Amino acid sequence: MLLMVDSTDLRGALAWGKDFLKKAGIDSPELTAQLLLCHLTEHDRTELLLHLEESLSEAHWREFNQLVQKRASGFPLQYLLGECGFYDVTLKVTPGVFVPRPETEILVEEVLDFLKGKEEAFVLDLGTGSGAIAIALAKNLPDSRIVATDISLEALRVARRNAVENNVDDRVFFHASDLFEVFKNEVELQNRFDAIVSNPPYIAFSEKETLPKEVRDFEPPEALFAEEEGLFFHRRIIESAPTYLKPGGLLALEVALGQAKKVMELLESESRFQEVRIREDLTGIKRVICSLRK
Ligand SMILES: C[S@@+](CC[C@H](N)C(=O)[O-])C[C@H]1O[C@@H](n2cnc3c(N)ncnc32)[C@H](O)[C@@H]1O
């Protein structure tokens, strides 16, 4: 349904979009309306704000209406824009692929810190999604090679495209796999990785109804939920990672609020790990657990 307003210049469109999104209870309505208009007009935000008197074509106006209404219904902004920023890379994201979150950048920082000065690092990213972690690591470690797995073919399709667009496709290798499954007969990969990193699905099924609508109804469930109160993947990764890590190699895992203690216990009860430590995110949540292979 096209909603009529008197003005079809950018200023009028922006005001209408902001108002509509605000009434729908969407966070940051003004910024959202600006980003959607930037997406349509191919202006950056500064240009947009400098050209508010510019008129919007009827086609753009119609499209803007649809985008605003879709966002108001809860559809994630990043899917509407088709891309998002993560660490220092830009990634395509499509419905069916998890939207990378800013807190996961801490995981990247931890791995980069650990690998500082290590030439030709060899890293495994489990559950790569859009390729966010793998691609950010490859970009920041020019001599590294990164292996990345995911069970979702749609995620791998998007991740491969992102690797090409970020010019790291010659050093990031994607595989369809249930965690380590694809490597189980690859003896040469045992004791080989300098680091294994993962932001696995970690939301307990019992928490489904507490999630924001835009996550619960629009992001792929296989990227969100895990059995065993959200720790199914952490447990499996902790069991298998020692086989593939070099002695001294790093395991870095993202966890949800309230999971850090249990994941630390899992690591401490696995005799092949030592030096378990926690890193908090900017809001003080214990977000990343790191440990070293003995
Ligand atoms: C929370 S998302 C993280 C995506 C990406 N690493 C990021 O941080 O943006 C978890 C990812 O794990 C993948 N996944 C789920 N089950 C898996 C499995 N058994 N083996 C490998 N990947 C899996 C999902 O498809 C999803 O892409």
# chains A, B, ... in the order shown; residues from 1 in each chain; ligands from 1
>>> closest_atom_pairs(of="range 80-189 of chain A", to="range 237-245 of chain A", cutoff="9 Å", atoms="only C-alpha atoms", output="tab-separated table")
residue	atom	partner	partner_atom	distance
A:Leu126	CA	A:Ile237	CA	8.7
A:Leu179	CA	A:Ile237	CA	7.5
A:Phe180	CA	A:Ser240	CA	7.5
A:Leu189	CA	A:Tyr244	CA	6.2
>>> residues_near_ligand(ligand="ligand 1", cutoff="8 Å", atoms="only C-alpha atoms and all ligand atoms", output="number ranges by chain")
A: 97-101, 104, 125-134, 149-152, 155, 176-180, 198-202, 220, 222-224, 233
>>> residues_around(residues="range 206-217 of chain A", least_positions_apart="5", cutoff="7 Å", atoms="only C-alpha atoms", output="PyMOL selection string")
chain A and resi 74-76
>>> write_last_selection(atoms="N, CA and C atoms", output="PDB file, in the first residue's frame")
ATOM      1  N   GLY A  74       9.297  -5.422  11.295  1.00  0.00           N
ATOM      2  CA  GLY A  74      10.321  -6.156  12.041  1.00  0.00           C
ATOM      3  C   GLY A  74      11.430  -6.705  11.156  1.00  0.00           C
ATOM      4  N   PHE A  75      11.285  -6.666   9.843  1.00  0.00           N
ATOM      5  CA  PHE A  75      12.309  -7.194   8.936  1.00  0.00           C
ATOM      6  C   PHE A  75      13.641  -6.475   9.214  1.00  0.00           C
ATOM      7  N   PRO A  76      14.727  -7.225   9.439  1.00  0.00           N
ATOM      8  CA  PRO A  76      15.994  -6.573   9.822  1.00  0.00           C
ATOM      9  C   PRO A  76      16.517  -5.566   8.791  1.00  0.00           C
TER      10      PRO A  76
END
>>> residues_around(residues="Glu110 in chain A", least_positions_apart="4", cutoff="8 Å", atoms="only C-alpha atoms", output="list in words")
Ile106, Phe114 and Ala252 of chain A
>>> residues_around(residues="range 71-73 of chain A", least_positions_apart="4", cutoff="7 Å", atoms="only C-alpha atoms", output="VMD selection string")
chain A and resid 21 24 26 67 77
>>> closest_residue(among="A:Leu251, A:Leu80, A:Ile289, A:Leu37", to="Phe273 in chain A", atoms="only C-alpha atoms")
A:Leu251
>>> residues_around(residues="Lys262 in chain A", least_positions_apart="6", cutoff="10 Å", atoms="only C-alpha atoms", output="list in words")
Leu231, His234, Arg235, Val255 and Glu268 of chain A
>>> write_last_selection(atoms="N, CA and C atoms", output="PDB file, in the first residue's frame")
ATOM      1  N   LEU A 231      24.335 -24.831  24.881  1.00  0.00           N
ATOM      2  CA  LEU A 231      25.775 -25.158  24.917  1.00  0.00           C
ATOM      3  C   LEU A 231      26.166 -26.380  24.084  1.00  0.00           C
ATOM      4  N   HIS A 234      29.195 -25.545  21.831  1.00  0.00           N
ATOM      5  CA  HIS A 234      30.413 -25.301  22.613  1.00  0.00           C
ATOM      6  C   HIS A 234      30.992 -26.628  23.106  1.00  0.00           C
ATOM      7  N   ARG A 235      30.107 -27.490  23.631  1.00  0.00           N
ATOM      8  CA  ARG A 235      30.595 -28.767  24.158  1.00  0.00           C
ATOM      9  C   ARG A 235      31.270 -29.581  23.053  1.00  0.00           C
ATOM     10  N   VAL A 255      30.175 -16.568  23.690  1.00  0.00           N
ATOM     11  CA  VAL A 255      29.102 -17.142  24.520  1.00  0.00           C
ATOM     12  C   VAL A 255      28.027 -16.080  24.767  1.00  0.00           C
ATOM     13  N   GLU A 268      37.839 -26.451  31.451  1.00  0.00           N
ATOM     14  CA  GLU A 268      38.711 -26.896  32.555  1.00  0.00           C
ATOM     15  C   GLU A 268      38.628 -28.404  32.767  1.00  0.00           C
TER      16      GLU A 268
END
>>> select_by_dssp(residues="range 4-216 of chain A", states="strand (DSSP E or B)", output="number ranges by chain")
A: 9, 55, 83-86, 89-92, 122-126, 145-150, 172-176, 193-198, 203-204
>>> write_last_selection(atoms="N, CA and C atoms", output="short mmCIF file (atom, residue, chain, number, x, y, z; two decimals), in the first residue's frame")
data_model
loop_
_atom_site.label_atom_id
_atom_site.label_comp_id
_atom_site.auth_asym_id
_atom_site.auth_seq_id
_atom_site.Cartn_x
_atom_site.Cartn_y
_atom_site.Cartn_z
N ASP A 9 10.04 15.36 -1.70
CA ASP A 9 11.47 15.62 -1.66
C ASP A 9 12.08 14.76 -0.54
N SER A 55 14.31 16.18 -5.20
CA SER A 55 13.04 15.43 -5.22
C SER A 55 13.31 13.93 -5.45
N GLU A 83 23.54 -5.38 3.09
CA GLU A 83 24.94 -5.47 3.55
C GLU A 83 25.06 -4.92 4.96
N CYS A 84 26.20 -5.23 5.57
CA CYS A 84 26.48 -4.63 6.89
C CYS A 84 27.99 -4.53 7.08
N GLY A 85 28.38 -3.66 7.99
CA GLY A 85 29.80 -3.51 8.32
C GLY A 85 30.14 -4.44 9.46
N PHE A 86 31.34 -5.01 9.42
CA PHE A 86 31.81 -5.86 10.52
C PHE A 86 33.33 -5.71 10.59
N VAL A 89 35.47 -4.73 7.51
CA VAL A 89 35.03 -5.21 6.20
C VAL A 89 33.54 -4.93 6.00
N THR A 90 33.13 -4.93 4.73
CA THR A 90 31.71 -4.82 4.39
C THR A 90 31.27 -6.17 3.84
N LEU A 91 30.13 -6.63 4.35
CA LEU A 91 29.67 -7.97 3.99
C LEU A 91 28.26 -7.92 3.44
N LYS A 92 28.01 -8.71 2.39
CA LYS A 92 26.63 -8.88 1.92
C LYS A 92 25.91 -9.79 2.92
N PHE A 122 47.43 -20.32 10.38
CA PHE A 122 46.43 -21.23 9.80
C PHE A 122 45.28 -21.31 10.81
N VAL A 123 44.08 -20.86 10.40
CA VAL A 123 42.98 -20.67 11.34
C VAL A 123 41.72 -21.38 10.84
N LEU A 124 40.94 -21.89 11.78
CA LEU A 124 39.66 -22.53 11.45
C LEU A 124 38.53 -21.73 12.08
N ASP A 125 37.52 -21.38 11.26
CA ASP A 125 36.32 -20.66 11.74
C ASP A 125 35.13 -21.60 11.57
N LEU A 126 34.53 -22.01 12.69
CA LEU A 126 33.41 -22.95 12.64
C LEU A 126 32.08 -22.21 12.69
N ARG A 145 46.07 -18.31 6.17
CA ARG A 145 45.07 -19.09 5.42
C ARG A 145 43.99 -19.48 6.42
N ILE A 146 42.75 -19.32 5.99
CA ILE A 146 41.63 -19.57 6.90
C ILE A 146 40.73 -20.64 6.28
N VAL A 147 40.40 -21.64 7.08
CA VAL A 147 39.42 -22.64 6.67
C VAL A 147 38.12 -22.29 7.41
N ALA A 148 36.99 -22.34 6.71
CA ALA A 148 35.73 -21.96 7.34
C ALA A 148 34.65 -22.98 6.98
N THR A 149 33.87 -23.39 7.99
CA THR A 149 32.80 -24.35 7.71
C THR A 149 31.45 -23.76 8.12
N ASP A 150 30.42 -24.29 7.48
CA ASP A 150 29.04 -23.99 7.92
C ASP A 150 28.16 -25.13 7.42
N VAL A 172 40.86 -17.97 1.81
CA VAL A 172 39.79 -18.46 2.69
C VAL A 172 39.09 -19.62 1.97
N PHE A 173 39.04 -20.76 2.65
CA PHE A 173 38.54 -21.99 2.01
C PHE A 173 37.29 -22.46 2.74
N PHE A 174 36.18 -22.49 2.03
CA PHE A 174 34.89 -22.81 2.67
C PHE A 174 34.50 -24.26 2.43
N HIS A 175 33.93 -24.87 3.46
CA HIS A 175 33.45 -26.26 3.36
C HIS A 175 32.09 -26.39 4.00
N ALA A 176 31.20 -27.14 3.35
CA ALA A 176 29.92 -27.49 3.99
C ALA A 176 30.22 -28.61 4.97
N PHE A 193 46.13 -26.37 13.28
CA PHE A 193 45.63 -24.99 13.31
C PHE A 193 46.28 -24.18 14.44
N ASP A 194 46.66 -22.95 14.12
CA ASP A 194 47.18 -22.03 15.15
C ASP A 194 46.05 -21.53 16.03
N ALA A 195 44.86 -21.43 15.44
CA ALA A 195 43.71 -20.97 16.22
C ALA A 195 42.43 -21.56 15.64
N ILE A 196 41.50 -21.86 16.54
CA ILE A 196 40.15 -22.24 16.13
C ILE A 196 39.21 -21.24 16.78
N VAL A 197 38.30 -20.70 15.98
CA VAL A 197 37.41 -19.64 16.47
C VAL A 197 35.98 -20.00 16.09
N SER A 198 35.05 -19.66 16.97
CA SER A 198 33.65 -19.90 16.61
C SER A 198 32.69 -18.99 17.39
N ILE A 203 21.60 -19.86 21.58
CA ILE A 203 20.39 -19.48 22.33
C ILE A 203 19.62 -20.75 22.70
N ALA A 204 19.26 -20.85 23.98
CA ALA A 204 18.48 -22.00 24.43
C ALA A 204 17.08 -21.91 23.82
#
